[in-house]
>>> print(open('query-v3.txt').read())   # compact mmCIF, C-alpha atoms
# COMPACT_ATOMS: atom_id res chain seq x y z
CA MET A 1 41.42 96.25 -66.05
CA ASP A 2 38.01 95.04 -64.89
CA ALA A 3 35.40 97.42 -66.39
CA ASP A 4 33.15 96.89 -63.36
CA ALA A 5 35.93 97.59 -60.84
CA LEU A 6 35.09 100.11 -58.16
CA THR A 7 36.13 103.74 -58.33
CA ALA A 8 35.36 106.27 -55.61
CA ARG A 9 35.57 109.96 -56.42
CA VAL A 10 35.31 112.64 -53.73
CA GLU A 11 33.50 115.95 -54.23
CA THR A 12 33.95 118.36 -51.35
CA GLY A 13 31.33 121.01 -50.62
CA PRO A 14 30.95 123.58 -47.85
CA ASP A 15 28.83 121.34 -45.61
CA ARG A 16 29.74 117.86 -46.64
CA ALA A 17 31.86 115.62 -48.83
CA THR A 18 30.23 113.30 -51.32
CA ILE A 19 31.85 109.99 -52.25
CA LEU A 20 30.61 109.01 -55.70
CA ILE A 21 30.97 105.26 -55.93
CA ASP A 22 30.98 103.59 -59.33
CA GLY A 23 31.12 99.87 -60.11
CA ARG A 24 30.92 96.76 -57.98
CA ILE A 25 31.56 96.91 -54.23
CA ASP A 26 33.46 93.78 -53.20
CA ARG A 27 36.85 92.92 -51.69
CA ASP A 28 38.64 94.60 -54.60
CA GLY A 29 37.09 97.92 -53.58
CA ASP A 30 38.86 98.10 -50.21
CA ALA A 31 41.72 100.39 -51.28
CA ALA A 32 39.50 102.78 -53.27
CA LEU A 33 37.02 103.26 -50.41
CA ALA A 34 39.81 103.65 -47.84
CA ALA A 35 41.50 106.28 -50.02
CA ALA A 36 38.21 108.13 -50.48
CA TYR A 37 37.62 108.21 -46.73
CA ALA A 38 41.17 109.44 -46.15
CA GLU A 39 40.53 112.26 -48.64
CA VAL A 40 37.30 113.20 -46.84
CA ALA A 41 39.13 113.18 -43.51
CA ALA A 42 41.94 115.33 -44.90
CA ALA A 43 39.37 117.85 -46.16
CA GLY A 44 37.91 118.06 -42.66
CA ALA A 45 34.33 117.40 -43.74
CA THR A 46 31.92 116.75 -40.89
CA ALA A 47 29.29 115.03 -43.03
CA ILE A 48 29.65 112.39 -45.70
CA ARG A 49 27.23 111.46 -48.44
CA LEU A 50 27.75 108.08 -50.08
CA ASP A 51 26.29 108.14 -53.57
CA PHE A 52 25.44 104.61 -54.75
CA THR A 53 23.67 105.68 -57.97
CA ALA A 54 26.33 104.06 -60.19
CA VAL A 55 26.81 100.94 -58.08
CA GLY A 56 25.73 97.76 -59.84
CA TYR A 57 26.37 95.18 -57.18
CA ILE A 58 27.36 94.90 -53.52
CA ASN A 59 28.37 91.56 -52.02
CA SER A 60 28.80 90.81 -48.32
CA THR A 61 32.47 91.81 -48.30
CA GLY A 62 31.36 95.09 -49.86
CA ILE A 63 28.85 95.64 -47.06
CA ALA A 64 31.66 94.93 -44.56
CA LEU A 65 33.72 97.68 -46.22
CA ILE A 66 30.79 100.08 -45.79
CA VAL A 67 30.42 98.98 -42.15
CA ARG A 68 34.09 99.80 -41.63
CA LEU A 69 33.80 103.19 -43.32
CA LEU A 70 30.73 103.98 -41.24
CA THR A 71 32.55 102.96 -38.04
CA GLU A 72 35.50 105.17 -38.89
CA ALA A 73 33.19 108.08 -39.66
CA ARG A 74 31.32 107.67 -36.35
CA ARG A 75 34.63 107.36 -34.50
CA ASP A 76 35.74 110.64 -36.08
CA GLY A 77 32.42 112.38 -35.38
CA ARG A 78 31.18 112.48 -38.97
CA THR A 79 27.60 111.80 -39.98
CA VAL A 80 26.90 109.56 -42.96
CA GLU A 81 23.99 109.49 -45.37
CA ALA A 82 23.38 107.33 -48.42
CA VAL A 83 21.66 108.14 -51.70
CA GLY A 84 20.99 106.28 -54.92
CA LEU A 85 20.35 102.85 -53.39
CA SER A 86 17.99 100.54 -55.26
CA ASP A 87 15.02 99.10 -53.37
CA HIS A 88 16.92 95.83 -53.05
CA TYR A 89 19.98 97.37 -51.43
CA ARG A 90 17.84 99.60 -49.25
CA GLU A 91 16.41 96.35 -47.85
CA ILE A 92 19.91 94.90 -47.48
CA PHE A 93 20.98 98.00 -45.52
CA ARG A 94 17.95 97.46 -43.30
CA ILE A 95 18.49 93.73 -42.65
CA THR A 96 22.18 94.29 -41.94
CA ARG A 97 21.20 97.22 -39.71
CA LEU A 98 23.47 99.71 -41.44
CA SER A 99 20.39 101.90 -41.68
CA ASP A 100 20.42 102.22 -37.86
CA PHE A 101 23.45 104.46 -38.24
CA MET A 102 23.02 106.27 -41.52
CA THR A 103 20.26 108.29 -43.11
CA ILE A 104 19.07 106.75 -46.36
CA LEU A 105 17.73 109.30 -48.81
CA GLU A 106 15.48 108.59 -51.78
CA GLU A 107 17.04 110.89 -54.35
CA ALA A 108 20.61 111.89 -55.12
CA ASN A 109 19.61 115.55 -55.29
CA ALA A 110 17.82 115.45 -51.89
CA MET B 111 17.42 69.75 -36.96
CA MET B 112 16.14 72.12 -39.51
CA ALA B 113 16.30 75.78 -38.73
CA THR B 114 15.09 78.19 -41.34
CA MET B 115 14.32 81.88 -41.45
CA ARG B 116 10.78 82.92 -42.21
CA GLN B 117 11.09 84.81 -45.45
CA GLU B 118 8.26 87.26 -45.53
CA THR B 119 9.29 90.12 -47.73
CA GLU B 120 9.94 90.10 -51.42
CA THR B 121 11.52 93.10 -53.07
CA ASP B 122 9.94 94.87 -56.02
CA GLU B 123 12.96 93.93 -58.10
CA GLN B 124 12.53 90.21 -57.36
CA ARG B 125 8.79 90.36 -58.10
CA ALA B 126 9.53 92.11 -61.36
CA ALA B 127 12.14 89.50 -62.28
CA GLU B 128 9.70 86.67 -61.57
CA ALA B 129 7.00 88.35 -63.63
CA THR B 130 9.33 88.58 -66.64
CA PRO B 131 9.90 85.10 -68.06
CA GLU B 132 12.31 86.24 -70.74
CA ALA B 133 14.55 88.49 -68.68
CA SER B 134 17.68 89.93 -70.27
CA PRO B 135 21.07 88.32 -69.43
CA ALA B 136 21.96 91.42 -67.40
CA SER B 137 18.78 91.25 -65.34
CA ARG B 138 19.20 87.48 -64.88
CA LEU B 139 22.73 88.07 -63.57
CA ARG B 140 21.46 90.82 -61.26
CA THR B 141 18.66 88.55 -59.99
CA SER B 142 20.98 85.60 -59.31
CA ARG B 143 23.40 87.92 -57.51
CA ASP B 144 20.54 89.44 -55.52
CA GLU B 145 19.43 85.95 -54.53
CA ALA B 146 22.76 85.55 -52.75
CA TRP B 147 21.33 87.81 -50.04
CA ALA B 148 18.91 86.63 -47.38
CA LYS B 149 15.43 88.03 -47.75
CA PRO B 150 14.60 90.80 -45.29
CA VAL B 151 13.26 89.74 -41.90
CA ASP B 152 12.78 91.69 -38.72
CA ARG B 153 13.57 88.85 -36.34
CA VAL B 154 15.23 85.47 -36.48
CA SER B 155 12.73 82.65 -36.59
CA VAL B 156 13.84 79.10 -35.92
CA THR B 157 10.86 77.32 -37.40
CA ALA B 158 11.50 73.66 -36.64
CA ALA B 159 11.87 71.91 -33.31
CA ALA B 160 15.36 72.33 -31.90
CA GLU B 161 16.09 68.71 -31.13
CA ARG B 162 19.83 68.86 -30.69
CA ALA B 163 20.44 72.37 -29.40
CA PRO B 164 18.35 74.93 -27.50
CA ALA B 165 17.01 77.63 -29.81
CA ASP B 166 15.56 79.97 -27.21
CA THR B 167 18.62 82.24 -27.28
CA VAL B 168 18.08 82.75 -31.02
CA GLN B 169 14.34 82.58 -31.61
CA GLY B 170 12.72 85.99 -32.09
CA ARG B 171 15.99 87.90 -31.75
CA LYS B 172 17.03 90.71 -34.07
CA LEU B 173 20.24 90.42 -36.01
CA SER B 174 23.12 92.34 -34.49
CA GLY B 175 26.15 93.32 -36.50
CA PRO B 176 29.37 95.01 -35.39
CA LEU B 177 27.69 98.41 -35.39
CA GLN B 178 25.27 97.24 -32.70
CA GLY B 179 27.88 95.77 -30.32
CA PHE B 180 29.37 97.25 -27.13
CA GLY B 181 33.11 96.63 -27.05
CA ARG B 182 36.02 97.62 -29.23
CA MET B 183 35.62 96.76 -32.89
CA TRP B 184 38.13 94.38 -34.38
CA GLN B 185 38.75 93.17 -37.88
CA LYS B 186 40.33 89.74 -37.78
CA THR B 187 41.56 88.00 -40.89
CA PHE B 188 42.59 84.34 -40.95
CA ARG B 189 43.90 82.99 -44.22
CA VAL B 190 45.66 79.95 -45.52
CA PRO B 191 47.24 79.59 -48.98
CA LEU B 192 46.31 76.12 -50.22
CA TYR B 193 49.75 75.16 -51.57
CA GLY B 194 49.64 71.81 -53.26
CA ALA B 195 45.88 71.80 -53.68
CA THR B 196 44.54 72.11 -57.23
CA LEU B 197 41.08 73.36 -56.38
CA SER B 198 39.55 76.55 -57.73
CA PRO B 199 38.07 79.10 -55.29
CA ARG B 200 34.56 77.92 -56.23
CA GLU B 201 35.45 74.30 -55.50
CA VAL B 202 36.91 75.31 -52.13
CA ILE B 203 33.75 77.21 -51.19
CA ALA B 204 31.54 74.31 -52.31
CA ILE B 205 33.42 71.92 -50.00
CA TRP B 206 33.57 74.46 -47.16
CA LYS B 207 29.80 75.00 -47.30
CA ALA B 208 28.96 71.29 -47.62
CA GLU B 209 31.21 70.14 -44.77
CA PHE B 210 31.28 73.27 -42.62
CA PRO B 211 30.65 71.60 -39.20
CA ALA B 212 33.43 69.06 -39.79
CA PHE B 213 36.08 71.80 -39.81
CA TRP B 214 35.17 73.21 -36.41
CA PRO B 215 37.39 72.35 -33.45
CA LYS B 216 35.98 69.58 -31.23
CA SER B 217 35.30 72.03 -28.38
CA ALA B 218 32.34 73.52 -30.26
CA LYS B 219 29.36 72.26 -32.19
CA PHE B 220 27.76 73.73 -35.29
CA TYR B 221 24.27 72.42 -36.04
CA ALA B 222 23.92 73.16 -39.72
CA PRO B 223 20.49 73.75 -41.20
CA LEU B 224 19.21 70.85 -43.32
CA ALA B 225 19.07 73.16 -46.32
CA GLY B 226 22.78 73.80 -45.87
CA ILE B 227 24.66 77.09 -45.93
CA ALA B 228 22.14 79.10 -47.92
CA PRO B 229 20.84 82.68 -47.65
CA GLY B 230 18.35 83.10 -44.81
CA GLU B 231 19.16 79.78 -43.10
CA VAL B 232 19.87 79.74 -39.38
CA ALA B 233 22.42 77.47 -37.71
CA LEU B 234 22.58 76.82 -33.99
CA LEU B 235 25.87 76.67 -32.10
CA GLU B 236 27.25 75.47 -28.81
CA LEU B 237 30.59 76.89 -27.75
CA LYS B 238 32.60 77.80 -24.67
CA PRO B 239 32.54 81.52 -23.81
CA LEU B 240 35.98 81.33 -22.12
CA PRO B 241 38.83 78.81 -21.99
CA GLY B 242 38.01 76.18 -19.37
CA ALA B 243 34.46 77.44 -18.87
CA PRO B 244 32.26 74.76 -17.25
CA ILE B 245 29.27 75.57 -19.46
CA LYS B 246 28.69 75.79 -23.18
CA LEU B 247 26.92 78.76 -24.64
CA SER B 248 23.94 78.10 -26.89
CA THR B 249 23.49 80.60 -29.67
CA GLY B 250 23.27 80.78 -33.44
CA VAL B 251 24.06 82.60 -36.64
CA MET B 252 22.12 83.53 -39.74
CA VAL B 253 23.52 83.06 -43.24
CA ILE B 254 23.08 86.59 -44.50
CA TYR B 255 24.82 86.01 -47.83
CA ALA B 256 26.01 83.04 -49.85
CA ASP B 257 27.27 82.77 -53.41
CA ASP B 258 29.77 80.52 -55.20
CA GLU B 259 32.83 82.34 -53.89
CA SER B 260 31.88 83.40 -50.37
CA PHE B 261 29.34 83.19 -47.57
CA THR B 262 28.68 85.39 -44.59
CA PHE B 263 27.19 84.85 -41.13
CA MET B 264 25.62 87.55 -38.99
CA THR B 265 24.97 87.04 -35.29
CA PRO B 266 21.66 87.51 -33.48
CA GLU B 267 21.22 89.60 -30.35
CA GLY B 268 22.57 87.74 -27.34
CA HIS B 269 25.56 86.18 -29.11
CA THR B 270 28.81 87.03 -27.30
CA LEU B 271 30.00 88.85 -30.42
CA SER B 272 28.05 91.28 -32.54
CA ALA B 273 29.71 90.17 -35.71
CA TRP B 274 29.78 89.74 -39.37
CA ILE B 275 32.06 86.96 -40.59
CA THR B 276 32.79 86.22 -44.23
CA PHE B 277 34.32 82.99 -45.51
CA SER B 278 35.80 83.29 -48.95
CA ALA B 279 38.27 81.80 -51.38
CA PHE B 280 40.18 83.58 -54.08
CA GLU B 281 43.25 83.23 -56.21
CA GLU B 282 46.38 85.13 -55.28
CA ASN B 283 49.67 84.76 -57.15
CA GLY B 284 48.41 81.58 -58.75
CA VAL B 285 47.47 79.96 -55.44
CA THR B 286 43.95 79.49 -54.08
CA VAL B 287 43.62 81.13 -50.68
CA ALA B 288 40.90 80.30 -48.12
CA GLN B 289 40.01 83.12 -45.79
CA ALA B 290 37.74 83.88 -42.84
CA GLN B 291 37.37 87.56 -42.03
CA ALA B 292 35.42 88.79 -39.03
CA LEU B 293 34.30 92.29 -38.18
CA GLU B 294 33.30 92.00 -34.55
CA ARG B 295 32.58 93.74 -31.26
CA PRO B 296 31.86 91.98 -27.97
CA SER B 297 28.13 92.45 -27.52
CA ASP B 298 27.91 93.70 -23.92
CA PRO B 299 30.18 94.64 -20.97
CA LEU B 300 30.39 91.03 -19.71
CA ASP B 301 31.31 89.80 -23.16
CA GLU B 302 33.94 92.56 -23.45
CA LEU B 303 35.46 91.46 -20.15
CA ALA B 304 35.49 87.81 -21.24
CA TYR B 305 37.01 88.85 -24.57
CA MET B 306 39.83 90.67 -22.77
CA LEU B 307 40.38 87.78 -20.33
CA GLY B 308 41.14 85.23 -23.01
CA GLY B 309 38.00 85.07 -25.13
CA SER B 310 39.67 86.93 -28.00
CA LYS B 311 42.68 84.61 -28.08
CA MET B 312 40.42 81.58 -27.80
CA ASN B 313 38.42 82.93 -30.72
CA ASP B 314 41.62 83.39 -32.75
CA ARG B 315 42.73 79.84 -32.04
CA PHE B 316 39.25 78.60 -32.98
CA TRP B 317 39.38 80.08 -36.49
CA GLU B 318 43.07 79.18 -36.97
CA GLN B 319 42.21 75.56 -36.15
CA THR B 320 39.17 75.68 -38.44
CA LEU B 321 41.27 76.90 -41.37
CA ALA B 322 43.99 74.36 -40.61
CA ASN B 323 41.36 71.58 -40.64
CA LEU B 324 40.00 72.90 -43.96
CA ALA B 325 43.50 73.02 -45.47
CA THR B 326 44.15 69.44 -44.36
CA ARG B 327 40.88 68.29 -45.93
CA LEU B 328 41.85 70.03 -49.19
CA GLY B 329 45.28 68.44 -49.34
CA ALA B 330 47.27 71.41 -48.04
CA GLY B 331 47.83 70.29 -44.47
CA GLY B 332 50.72 71.78 -42.53
CA VAL B 333 50.55 75.19 -44.19
CA PRO B 334 50.56 77.83 -41.40
CA VAL B 335 47.44 79.96 -41.03
CA GLU B 336 48.16 83.70 -41.27
CA THR B 337 46.35 85.88 -38.72
CA GLN B 338 45.90 89.63 -38.79
CA ARG B 339 44.08 91.66 -36.13
CA VAL B 340 43.25 95.33 -36.59
CA CYS B 341 41.40 97.44 -34.03
CA ILE B 342 38.97 99.51 -36.11
CA ASP B 343 37.43 101.39 -33.20
CA LYS B 344 38.95 101.60 -29.71
CA ARG B 345 35.85 103.15 -28.19
CA ARG B 346 33.25 101.22 -26.28
CA GLN B 347 29.68 102.01 -27.22
CA TRP B 348 28.14 102.67 -23.82
CA ARG B 349 24.77 103.36 -25.40
CA GLN B 350 24.70 99.61 -26.21
CA VAL B 351 25.11 98.56 -22.57
CA GLY B 352 21.47 97.45 -22.66
CA ASN B 353 22.53 94.52 -24.87
CA LEU B 354 23.03 92.72 -21.54
CA ARG B 355 19.31 91.97 -21.43
CA HIS B 356 19.67 89.69 -24.47
CA SER B 357 22.84 87.94 -23.25
CA ALA B 358 22.91 84.29 -24.29
CA SER B 359 25.70 83.79 -21.71
CA ILE B 360 23.39 84.88 -18.90
CA ASP B 361 20.48 82.84 -20.34
CA THR B 362 22.69 79.77 -20.60
CA MET B 363 23.97 80.21 -17.03
CA LYS B 364 20.40 80.57 -15.78
CA ARG B 365 19.31 77.46 -17.67
CA THR B 366 22.28 75.49 -16.31
CA ALA B 367 21.66 76.67 -12.73
CA THR B 368 17.96 75.79 -12.84
CA ALA B 369 18.42 72.43 -14.59
CA PRO B 370 18.23 70.37 -11.34
CA ILE B 371 14.96 72.09 -10.37
CA ARG B 372 13.44 71.36 -13.79
CA ALA B 373 14.62 67.74 -13.58
CA MET B 374 13.05 67.40 -10.13
CA ARG B 375 9.76 68.86 -11.38
CA ARG B 376 9.71 66.40 -14.28
CA ALA B 377 10.38 63.49 -11.90
CA VAL B 378 7.54 64.59 -9.58
CA LYS B 379 5.18 64.93 -12.55
CA ARG B 380 6.10 61.47 -13.85
CA ALA B 381 5.52 59.99 -10.41
CA SER B 382 2.12 61.65 -10.05
CA ASP B 383 1.15 60.57 -13.61
CA ARG B 384 1.89 56.94 -12.69
CA ARG B 385 -0.41 57.12 -9.66
>>> encode(input="query-v3.txt", output="structure tokens")
Amino acid sequence: MDADALTARVETGPDRATILIDGRIDRDGDAALAAAYAEVAAAGATAIRLDFTAVGYINSTGIALIVRLLTEARRDGRTVEAVGLSDHYREIFRITRLSDFMTILEEANA
Amino acid sequence: MMATMRQETETDEQRAAEATPEASPASRLRTSRDEAWAKPVDRVSVTAAAERAPADTVQGRKLSGPLQGFGRMWQKTFRVPLYGATLSPREVIAIWKAEFPAFWPKSAKFYAPLAGIAPGEVALLELKPLPGAPIKLSTGVMVIYADDESFTFMTPEGHTLSAWITFSAFEENGVTVAQAQALERPSDPLDELAYMLGGSKMNDRFWEQTLANLATRLGAGGVPVETQRVCIDKRRQWRQVGNLRHSASIDTMKRTATAPIRAMRRAVKRASDRR
């Protein structure tokens, strides 16, 4: 198994669910992210935090997966915020205009 | 025609990488991967004279992805297994990038940047907004990402689709597969109407033909292109109705309608210059 392959673990709290993403976000991460979102939806969380602290790399297909997750969350009335993004990926989220639709926080414990 | 993005912002990570001549292998890998992304810009800037296609529907526009569009959001996947071809995914992408305009159907034109399909470059396009339309729409795309195995275009405001389209190649069951995957919403209410009245099907045929042309070039002609359409969001984003003010379709129609007046003005000016 690819050591850098993506895993997405869900932690559910009283106010929100956190998806802890680990590894590389690319086309191979589709199933893991979809399963994580399904778990969040099943838990009935109204807010989602995407934790990118352990993400090493995101390619354009990976950004498309995040766009899709964000669209599904907005469709279902859930807010989305992101934490743990490096400066580089914060800029990528800005240029791709993902940041128009999600709050980007500086620290994971914010 | 050369069309490049003005690249104004450098990230701290890139500056740090440049300032460290003996970077570790891990940081070199991270830097080369990061360089696959276009550098951040606020607006598209077509810096050279647009000699072959009008750039005014692209110049100064913001990028607009599927989140910023108006209509229903679709994910469309077009893929062709390259049976009989012996090329690796990287070789397929190298050819696709180098010869990209040649694979487009004859009904549309893709004016590639001189620097090729590279992060931050802008290409201009001319295409029909609807089957049988008497005018061609002038618009463009920015290469938001490009590496050895994939490249991605993002549309500027005014394009009929607010989209993100990724071209990739990968190996599946021992066969190299070429794929184009779009995440798209029609940009405004007029574009949504055109999309429903045949624009979507025309768009599907466009990419199916493109992939068929690519497969033929790579020695896998005749293999059927597989198409999958998934509606990701059925809602229309009425808050984006204001996208109409950027519409390249409306700008192109205006330019076409006023062309005789501009031609007459030029003729009058030439005549008065001769006197």
>>> residues_around(input="query-v3.txt", residues="Asn313 in chain B", least_positions_apart="3", cutoff="12 Å", atoms="only C-alpha atoms", output="PyMOL selection string")
chain B and resi 186-188+214-215+217-218+237-241+270-271+292+294+296+304-310+316-320+337+339
>>> interface_residues(input="query-v3.txt", of="chain A", to="chain B", cutoff="9 Å", atoms="all atoms listed in the file", output="number ranges by chain")
A: 56-61, 64, 67-68, 70-72, 75, 86-89, 91-92, 94-98, 100-101
>>> atom_distance(input="query-v3.txt", atom1="CA of Ala34 in chain A", atom2="CA of Leu69 in chain A")
7.5 Å
>>> closest_residue(input="query-v3.txt", among="A:Asp30, A:Glu39, A:Asp22, A:Glu81", to="Val10 in chain A", atoms="all atoms listed in the file")
A:Glu39
>>> residues_around(input="query-v3.txt", residues="Gly77 in chain A", least_positions_apart="4", cutoff="9 Å", atoms="only C-alpha atoms", output="list of chain:residue names")
A:Thr46, A:Ala47, A:Glu72, A:Ala73
>>> atom_distance(input="query-v3.txt", atom1="CA of Ile21 in chain A", atom2="CA of Ile66 in chain A")
11.4 Å
>>> residues_around(input="query-v3.txt", residues="Val251 in chain B", least_positions_apart="4", cutoff="12 Å", atoms="all atoms listed in the file", output="compact mmCIF listing (two decimals) with C-alpha atoms, in the frame of the given file")
# COMPACT_ATOMS: atom_id res chain seq x y z
CA ALA B 113 16.30 75.78 -38.73
CA THR B 114 15.09 78.19 -41.34
CA MET B 115 14.32 81.88 -41.45
CA VAL B 154 15.23 85.47 -36.48
CA SER B 155 12.73 82.65 -36.59
CA VAL B 156 13.84 79.10 -35.92
CA ALA B 165 17.01 77.63 -29.81
CA THR B 167 18.62 82.24 -27.28
CA VAL B 168 18.08 82.75 -31.02
CA GLN B 169 14.34 82.58 -31.61
CA ARG B 171 15.99 87.90 -31.75
CA LYS B 172 17.03 90.71 -34.07
CA LEU B 173 20.24 90.42 -36.01
CA SER B 174 23.12 92.34 -34.49
CA GLY B 175 26.15 93.32 -36.50
CA PHE B 220 27.76 73.73 -35.29
CA TYR B 221 24.27 72.42 -36.04
CA ALA B 222 23.92 73.16 -39.72
CA PRO B 223 20.49 73.75 -41.20
CA ILE B 227 24.66 77.09 -45.93
CA ALA B 228 22.14 79.10 -47.92
CA PRO B 229 20.84 82.68 -47.65
CA GLY B 230 18.35 83.10 -44.81
CA GLU B 231 19.16 79.78 -43.10
CA VAL B 232 19.87 79.74 -39.38
CA ALA B 233 22.42 77.47 -37.71
CA LEU B 234 22.58 76.82 -33.99
CA LEU B 235 25.87 76.67 -32.10
CA GLU B 236 27.25 75.47 -28.81
CA TYR B 255 24.82 86.01 -47.83
CA THR B 262 28.68 85.39 -44.59
CA PHE B 263 27.19 84.85 -41.13
CA MET B 264 25.62 87.55 -38.99
CA THR B 265 24.97 87.04 -35.29
CA PRO B 266 21.66 87.51 -33.48
CA GLU B 267 21.22 89.60 -30.35
CA GLY B 268 22.57 87.74 -27.34
CA HIS B 269 25.56 86.18 -29.11
CA THR B 270 28.81 87.03 -27.30
CA LEU B 271 30.00 88.85 -30.42
CA SER B 272 28.05 91.28 -32.54
CA ALA B 273 29.71 90.17 -35.71
CA TRP B 274 29.78 89.74 -39.37
CA ILE B 275 32.06 86.96 -40.59
